[in-house]
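Participant: This one is protein.txt, compact mmCIF, C-alpha atoms and all ligand atoms.
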```txt
# COMPACT_ATOMS: atom_id res chain seq x y z
CA MET E 212 114.96 97.65 88.78
CA PHE E 213 117.81 95.65 90.31
CA THR E 214 117.69 93.11 93.12
CA TRP E 215 120.53 93.24 95.62
CA ASN E 216 120.81 90.27 97.97
CA PRO E 217 123.96 90.92 100.04
CA TRP E 218 123.10 87.88 102.18
CA HIS E 219 120.79 84.93 101.77
CA GLY E 220 118.71 82.80 104.14
CA CYS E 221 116.53 83.74 107.06
CA ARG E 222 114.80 82.63 110.25
CA LYS E 223 111.02 82.49 110.22
CA PHE E 224 109.71 85.34 112.32
CA SER E 225 105.92 85.60 112.21
CA GLU E 226 102.84 83.99 110.64
CA GLY E 227 103.55 85.67 107.30
CA CYS E 228 106.75 83.61 107.06
CA GLU E 229 104.91 80.28 107.20
CA ASN E 230 105.13 79.72 103.45
CA CYS E 231 108.16 81.90 102.76
CA TYR E 232 108.98 81.93 99.03
CA MET E 233 112.71 81.90 99.68
CA TYR E 234 112.38 78.65 101.68
CA TYR E 235 110.25 77.20 98.90
CA LEU E 236 112.65 78.12 96.10
CA ASP E 237 115.66 76.91 98.11
CA LYS E 238 113.90 73.59 98.69
CA THR E 239 113.28 73.15 94.96
CA ARG E 240 117.05 73.53 94.47
CA GLY E 241 117.92 71.10 97.28
CA ASN E 242 119.02 73.91 99.63
CA ASP E 243 118.01 74.88 103.15
CA GLY E 244 116.58 78.42 103.49
CA SER E 245 117.53 78.59 107.17
CA LYS E 246 121.23 78.66 106.29
CA ILE E 247 122.26 82.30 106.41
CA TYR E 248 125.34 83.39 104.50
CA LYS E 249 126.92 86.42 102.90
CA VAL E 250 126.52 86.36 99.11
CA LYS E 251 130.10 87.09 98.16
CA THR E 252 129.38 87.36 94.43
CA ASN E 253 126.69 89.99 94.97
CA PHE E 254 127.65 91.75 98.18
CA TYR E 255 129.28 94.78 96.56
CA LEU E 256 126.79 95.05 93.66
CA PRO E 257 125.90 98.77 94.12
CA VAL E 258 129.54 99.84 93.81
CA ALA E 259 130.68 97.19 91.33
CA ARG E 260 132.13 98.58 88.11
CA SER E 261 132.42 97.27 84.57
CA ARG E 262 135.67 97.17 82.62
CA ASP E 263 135.03 100.68 81.36
CA LYS E 264 134.93 101.80 85.05
CA ALA E 265 131.23 102.72 84.87
CA TYR E 266 128.99 101.43 87.67
CA LYS E 267 127.23 98.19 86.76
CA VAL E 268 124.02 99.54 88.31
CA PRO E 269 123.20 102.71 86.35
CA ALA E 270 122.19 105.97 88.03
CA GLY E 271 118.46 106.33 88.66
CA THR E 272 117.88 102.60 89.21
CA GLN E 273 115.58 101.29 91.93
CA VAL E 274 117.40 98.66 93.97
CA HIS E 275 115.34 96.19 95.99
CA VAL E 276 117.39 94.97 98.90
CA CYS E 277 117.39 91.59 100.64
CA LEU E 278 114.55 89.84 98.83
CA THR E 279 115.88 86.46 99.98
CA SER E 280 116.38 87.45 103.62
CA ASP E 281 115.58 90.33 105.97
CA PHE E 282 117.82 93.40 106.07
CA PHE E 283 117.50 93.66 109.86
CA LEU E 284 118.20 90.01 110.66
CA GLU E 285 120.43 89.59 113.73
CA GLU E 286 122.78 87.23 111.92
CA ALA E 287 123.54 90.00 109.42
CA ASP E 288 124.63 92.58 112.01
CA LYS E 289 128.27 92.08 111.04
CA TRP E 290 127.58 92.82 107.33
CA ARG E 291 125.05 95.66 107.49
CA GLU E 292 127.39 98.59 108.12
CA GLU E 293 129.16 98.08 104.79
CA CYS E 294 125.78 98.03 103.06
CA TRP E 295 124.80 101.36 104.60
CA GLN E 296 128.07 102.79 103.34
CA MET E 297 127.34 101.58 99.81
CA MET E 298 123.87 103.16 99.93
CA LYS E 299 125.47 106.39 101.03
CA THR E 300 128.07 106.22 98.28
CA ARG E 301 125.41 105.60 95.62
CA GLN E 302 123.16 108.62 96.25
CA ASP E 303 122.09 108.30 92.61
CA LEU E 304 120.22 105.03 93.30
CA GLU E 305 116.96 104.45 95.20
CA PHE E 306 117.18 101.64 97.74
CA PHE E 307 114.04 99.85 98.95
CA LEU E 308 114.45 98.00 102.25
CA ILE E 309 111.61 95.65 103.23
CA THR E 310 111.47 94.12 106.69
CA LYS E 311 109.30 92.27 109.15
CA ARG E 312 111.75 93.10 111.92
CA ALA E 313 110.56 96.64 112.59
CA ASN E 314 111.65 96.23 116.22
CA ARG E 315 115.29 96.16 115.08
CA ILE E 316 115.29 99.11 112.69
CA ARG E 317 116.29 101.81 115.14
CA GLU E 318 119.20 99.95 116.70
CA CYS E 319 120.53 99.01 113.25
CA LEU E 320 120.56 102.47 111.67
CA PRO E 321 123.97 103.91 110.81
CA PRO E 322 125.43 106.63 113.08
CA ASP E 323 125.08 109.31 110.38
CA TRP E 324 121.44 108.47 109.53
CA GLY E 325 120.36 111.80 111.07
CA ASP E 326 116.86 113.13 111.73
CA SER E 327 115.44 112.25 108.34
CA GLY E 328 117.52 109.31 107.14
CA TYR E 329 119.38 108.88 103.87
CA PRO E 330 117.33 110.59 101.13
CA ASN E 331 117.71 107.65 98.76
CA VAL E 332 116.50 104.93 101.15
CA THR E 333 112.86 103.83 101.62
CA LEU E 334 111.96 101.81 104.70
CA THR E 335 109.05 99.45 104.13
CA ILE E 336 107.52 97.11 106.66
CA THR E 337 105.41 94.10 105.82
CA ALA E 338 102.22 93.48 107.79
CA GLU E 339 100.32 90.30 107.05
CA ASN E 340 97.40 90.93 109.44
CA GLN E 341 96.06 93.50 111.91
CA LYS E 342 98.19 92.25 114.79
CA ARG E 343 101.44 92.70 112.85
CA ALA E 344 100.28 96.04 111.41
CA ASP E 345 99.58 97.36 114.92
CA GLU E 346 102.92 96.06 116.11
CA ARG E 347 105.13 97.27 113.27
CA ILE E 348 103.61 100.38 111.71
CA PRO E 349 103.82 102.56 114.86
CA ILE E 350 107.52 101.68 115.02
CA LEU E 351 107.99 102.61 111.38
CA LEU E 352 106.19 105.91 111.89
CA ALA E 353 108.41 106.78 114.85
CA VAL E 354 111.70 106.00 113.11
CA PRO E 355 113.33 108.83 111.13
CA ALA E 356 113.32 108.07 107.40
CA ALA E 357 112.97 110.06 104.20
CA HIS E 358 110.48 107.57 102.72
CA LYS E 359 108.21 105.00 104.35
CA GLY E 360 105.89 102.37 102.95
CA VAL E 361 103.75 99.42 104.01
CA MET E 362 103.39 96.09 102.28
CA VAL E 363 100.41 93.93 103.26
CA ALA E 364 101.80 90.61 102.13
CA PRO E 365 101.02 87.84 102.35
CA PHE E 366 97.58 89.32 102.88
CA ILE E 367 96.07 86.66 105.16
CA ALA E 368 93.48 88.62 107.16
CA PRO E 369 91.60 91.92 106.88
CA VAL E 370 93.47 95.03 107.96
CA ASN E 371 92.45 98.52 108.88
CA LEU E 372 95.27 101.04 108.44
CA GLU E 373 93.18 104.24 108.64
CA THR E 374 94.94 105.58 111.74
CA TYR E 375 98.36 105.10 110.20
CA LEU E 376 97.41 106.43 106.78
CA ALA E 377 96.07 109.57 108.46
CA SER E 378 99.60 110.32 109.70
CA ALA E 379 100.53 111.31 106.12
CA LYS E 380 103.89 109.61 106.67
CA ILE E 381 103.19 106.52 104.56
CA GLU E 382 103.98 107.10 100.89
CA PHE E 383 102.49 103.90 99.46
CA VAL E 384 100.73 100.66 100.35
CA TYR E 385 101.26 97.43 98.41
CA ALA E 386 99.15 94.30 98.74
CA ASP E 387 99.73 90.75 97.58
CA GLY E 388 98.26 87.34 98.35
CA GLU E 389 100.09 84.22 99.36
CA ASN E 390 101.76 82.17 96.66
CA TYR E 391 104.25 79.34 96.13
CA GLU E 392 103.21 76.72 98.73
CA GLY E 393 100.77 79.00 100.50
CA THR E 394 97.05 78.40 100.37
CA ARG E 395 95.70 80.91 102.85
CA PRO E 396 92.98 82.69 100.86
CA LEU E 397 92.84 86.38 100.06
CA HIS E 398 89.34 87.85 99.97
CA TYR E 399 88.40 90.49 97.42
CA GLU E 400 86.57 92.48 100.14
CA TRP E 401 89.79 92.84 102.18
CA VAL E 402 91.64 94.31 99.20
CA LYS E 403 88.73 96.57 98.27
CA SER E 404 88.54 97.87 101.82
CA LEU E 405 92.28 98.59 101.92
CA SER E 406 92.13 100.28 98.52
CA GLU E 407 89.29 102.51 99.78
CA GLN E 408 91.18 103.34 102.97
CA CYS E 409 94.17 104.45 100.90
CA ALA E 410 91.94 106.46 98.56
CA ARG E 411 90.44 108.33 101.51
CA HIS E 412 93.92 109.37 102.62
CA LYS E 413 95.31 109.86 99.09
CA VAL E 414 97.99 107.22 99.58
CA PRO E 415 98.88 105.35 96.35
CA PHE E 416 97.83 101.70 96.51
CA GLU E 417 99.06 98.83 94.38
CA PHE E 418 97.41 95.42 94.34
CA PHE E 419 100.23 93.21 93.08
CA GLY E 420 98.68 89.78 93.06
CA THR E 421 95.73 87.69 94.15
CA GLY E 422 97.80 84.86 95.61
CA ASN E 423 97.09 81.19 94.95
CA VAL E 424 93.61 81.24 96.44
CA PHE E 425 91.36 84.23 95.86
CA VAL E 426 87.79 84.50 97.12
CA LYS E 427 85.26 86.75 95.40
CA ASP E 428 81.47 86.72 95.71
CA GLY E 429 81.70 83.58 97.84
CA ARG E 430 83.57 81.64 95.17
CA GLU E 431 87.13 80.35 95.64
CA TYR E 432 89.52 80.68 92.67
CA HIS E 433 92.87 78.86 92.39
CA ILE E 434 95.18 81.02 90.33
CA CYS E 435 98.65 80.20 88.97
CA LYS E 436 101.55 82.50 89.82
CA ALA E 437 101.86 84.59 86.65
CA TYR E 438 98.11 85.03 86.31
CA GLN E 439 97.79 86.40 89.86
CA ARG E 440 99.22 89.74 88.79
CA ILE E 441 97.01 89.97 85.72
CA GLN E 442 93.87 89.28 87.76
CA ALA E 443 94.91 91.81 90.38
CA ALA E 444 95.32 94.46 87.67
CA ARG E 445 91.88 93.61 86.26
CA SER E 446 90.29 94.31 89.63
CA ASN E 447 91.00 98.04 89.10
CA LEU E 448 91.71 98.43 92.81
CA SER E 449 95.17 99.93 92.28
CA PHE E 450 95.69 103.62 91.86
CA PRO E 451 97.36 104.86 89.86
CA PRO E 452 96.34 101.83 87.70
CA SER E 453 98.93 99.12 86.99
CA ASP E 454 100.92 99.72 83.81
CA PRO E 455 99.77 97.05 81.29
CA ALA E 456 103.32 96.90 79.90
CA THR E 457 104.58 95.49 83.22
CA LEU E 458 102.06 92.62 83.35
CA PRO E 459 103.26 89.03 82.78
CA ARG E 460 102.66 87.24 79.49
CA MET E 461 100.51 84.10 79.48
CA ASN E 462 100.06 81.27 76.99
CA PRO E 463 97.27 78.69 76.87
CA ARG E 464 99.79 76.05 77.93
CA CYS E 465 100.48 77.91 81.21
CA ALA E 466 97.34 76.33 82.67
CA THR E 467 98.97 72.89 82.76
CA CYS E 468 102.65 73.84 82.96
CA PRO E 469 104.33 72.07 85.92
CA ARG E 470 106.23 75.26 86.72
CA ASN E 471 103.17 77.45 87.09
CA ALA E 472 103.50 77.63 90.89
CA GLN E 473 106.65 79.70 90.51
CA CYS E 474 106.70 81.10 86.95
CA ASN E 475 106.42 84.89 86.71
CA GLY E 476 105.23 84.94 83.09
CA CYS E 477 105.76 82.81 80.01
CA ARG E 478 108.95 83.43 78.06
CA ASN E 479 108.69 80.23 76.02
CA CYS E 480 111.55 78.84 78.08
CA GLY E 481 110.72 75.27 77.04
CA LYS E 482 110.97 73.90 80.59
CA CYS E 483 107.31 72.90 80.52
CA LYS E 484 108.27 70.35 77.80
CA PHE E 485 105.34 71.14 75.49
S1 LIG J 1 111.32 87.43 107.10
FE1 LIG J 1 110.94 87.18 104.89
S2 LIG J 1 112.71 86.01 104.13
FE2 LIG J 1 112.67 85.80 106.36
S3 LIG J 1 111.56 83.88 106.71
FE3 LIG J 1 110.08 85.58 106.84
S4 LIG J 1 109.22 85.73 104.77
FE4 LIG J 1 111.11 84.52 104.62
```
Mind turning this structure into structure tokens?

Facilitator:
Amino acid sequence: MFTWNPWHGCRKFSEGCENCYMYYLDKTRGNDGSKIYKVKTNFYLPVARSRDKAYKVPAGTQVHVCLTSDFFLEEADKWREECWQMMKTRQDLEFFLITKRANRIRECLPPDWGDSGYPNVTLTITAENQKRADERIPILLAVPAAHKGVMVAPFIAPVNLETYLASAKIEFVYADGENYEGTRPLHYEWVKSLSEQCARHKVPFEFFGTGNVFVKDGREYHICKAYQRIQAARSNLSFPPSDPATLPRMNPRCATCPRNAQCNGCRNCGKCKF
């Protein structure tokens, strides 16, 4: 998997943005996440070539787009067309676009998108609660696209997606709690319910992480970043089940490591100074 951030920075858009991880990480580096700019060193990543003329991103790779912004942000209107062209050029890659700005998708599609979209592009909307799901998923379902998905993240309230899942147009649902500076709790029952909804409609469901605060059987658990994914996998709510090989590695020292709010798994980096 590759991450392609052709631009960086964003404007907060809905309640799911309250504890945006990009703002948090920028702050830790002394930067301001509201400053939006084109990432010149990364902008042409999909078509960049090595000295031997081969593409730097090999064929068959999944490319996650705009993880430090929103692909349909107004400020990026002047840069988006070139990105569409690169996605079209690299038919051998799979591009995953994730957005909260479902209302802008249609007006931002390229002229040659057609009735079913580019075959190598997946449109995914995030829906943090029922209100945003009801607002954004109908738009997603109405837009032409070869692949569509829904991400319930940060999962801050129960959601019922039965009506949308019944459309058979949603290929997957992902769920994740709130992390970094966020403390809005995720309840086990909400995830279980969503997992069961997906099972009823045979839509693959992946529970990525519990978030910082996870509530189960009336008890509140505070869970560090890397361990969130491990605990989510142990819940057995994902199907197909999470691949154990993709789970983060933990060490006993992770419990007190000062970086455990942002660490994605221990690589013995030494920054925890133990
Ligand atoms: S849309 Fe995404 S990147 Fe932009 S502020 Fe919200 S959470 Fe952050």

Participant: Give the residue list for ligand LIG 1 (chain J) at 9 Å, counting all atoms listed in the file, as number ranges by chain, sorted by chain and then by residue number.

Facilitator: E: 219-234, 244-245, 277-282, 284, 309-312, 337, 365

Participant: What is the distance between CA of Glu407 in chain E and CA of Asn447 in chain E, in Å to one decimal?

Facilitator: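 These atoms are spaced 11.7 Å apart.
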
Participant: Just want the 8 Å neighbourhood of Pro451 in chain E, counted on all atoms listed in the file, with same-chain residues fewer than 2 positions away dropped. Output as number ranges by chain.

Facilitator: E: 415-417, 449, 453

Participant: Deliver the residues from the most recent selection as a file, using C-alpha atoms, as a PDB file, in the frame of the given file.

Facilitator:
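Listed below is the output, result.pdb:
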```pdb
ATOM      1  CA  PRO E 415      98.880 105.350  96.350  1.00  0.00           C
ATOM      2  CA  PHE E 416      97.830 101.700  96.510  1.00  0.00           C
ATOM      3  CA  GLU E 417      99.060  98.830  94.380  1.00  0.00           C
ATOM      4  CA  SER E 449      95.170  99.930  92.280  1.00  0.00           C
ATOM      5  CA  SER E 453      98.930  99.120  86.990  1.00  0.00           C
TER       6      SER E 453
END
```

Participant: Ranking E:Leu236, E:Val384, E:Val354, E:Met212 by minimum distance to Arg470 in chain E and counting only C-alpha atoms, which one comes first?

Facilitator: E:Leu236

Participant: Please return the centre and edge lengths, in Å to one decimal, of a box with edges along x, y and z that contains all listed atoms of range 373-377 of chain E, widened by 3 Å on every side, as JSON.

Facilitator:
```
{"center_x": 95.8, "center_y": 106.9, "center_z": 109.3, "size_x": 11.2, "size_y": 11.3, "size_z": 11.0}
```

Participant: Ranking E:Leu376, E:Leu351, E:Cys319, E:Val276 by minimum distance to Val332 in chain E and counting all atoms listed in the file, which one comes first?

Facilitator: E:Val276

Participant: Please list as a PyMOL selection string every residue within 12 Å of Arg411 in chain E, counting all atoms listed in the file and excluding residues in the same chain fewer than 6 positions away.

Facilitator: chain E and resi 372-374+376-377+379+404-405+450

Participant: When you look at His358 in chain E with a cut-off of 9 Å (counting all atoms listed in the file), what residues show up, excluding the ones that are within fewer than 3 positions of it in the same chain? I need them as a list in words.

Facilitator: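 Listing them by chain and then by number gives Ser327, Gly328, Pro330, Asn331, Val332, Thr333, Leu334, Thr335, Pro355, Lys380, Ile381 and Glu382 of chain E.
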
Participant: With distances taken over all atoms listed in the file, which residue among E:Trp324, E:Phe254, E:Phe366, E:Trp401 lies nearest Ala344 in chain E?

Facilitator: E:Phe366

Participant: Could you check which of E:Thr421, E:Asn242, E:Asn479, E:Thr214 is closest to His275 in chain E, using all atoms listed in the file?

Facilitator: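 Counting all atoms listed in the file, the residue closest to His275 in chain E is E:Thr214.
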
Participant: With a distance cut-off of 10 Å and all atoms listed in the file, select the neighbouring residues of His398 in chain E, excluding the residue or stretch itself and same-chain residues fewer than 2 positions from it, and output the selection as a PyMOL selection string.

Facilitator: chain E and resi 366-369+388+395-396+400-403+421-422+424-431

Participant: Quick check, in Å to one decimal: how far apart do CA of Val370 in chain E and CA of Ala356 in chain E lie?

Facilitator: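 Interatomic distance here is 23.8 Å.
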
Participant: For the atom pair CA of Tyr391 in chain E and CA of Phe306 in chain E, what is the interatomic distance in Å to one decimal place?

Facilitator: 25.8 Å
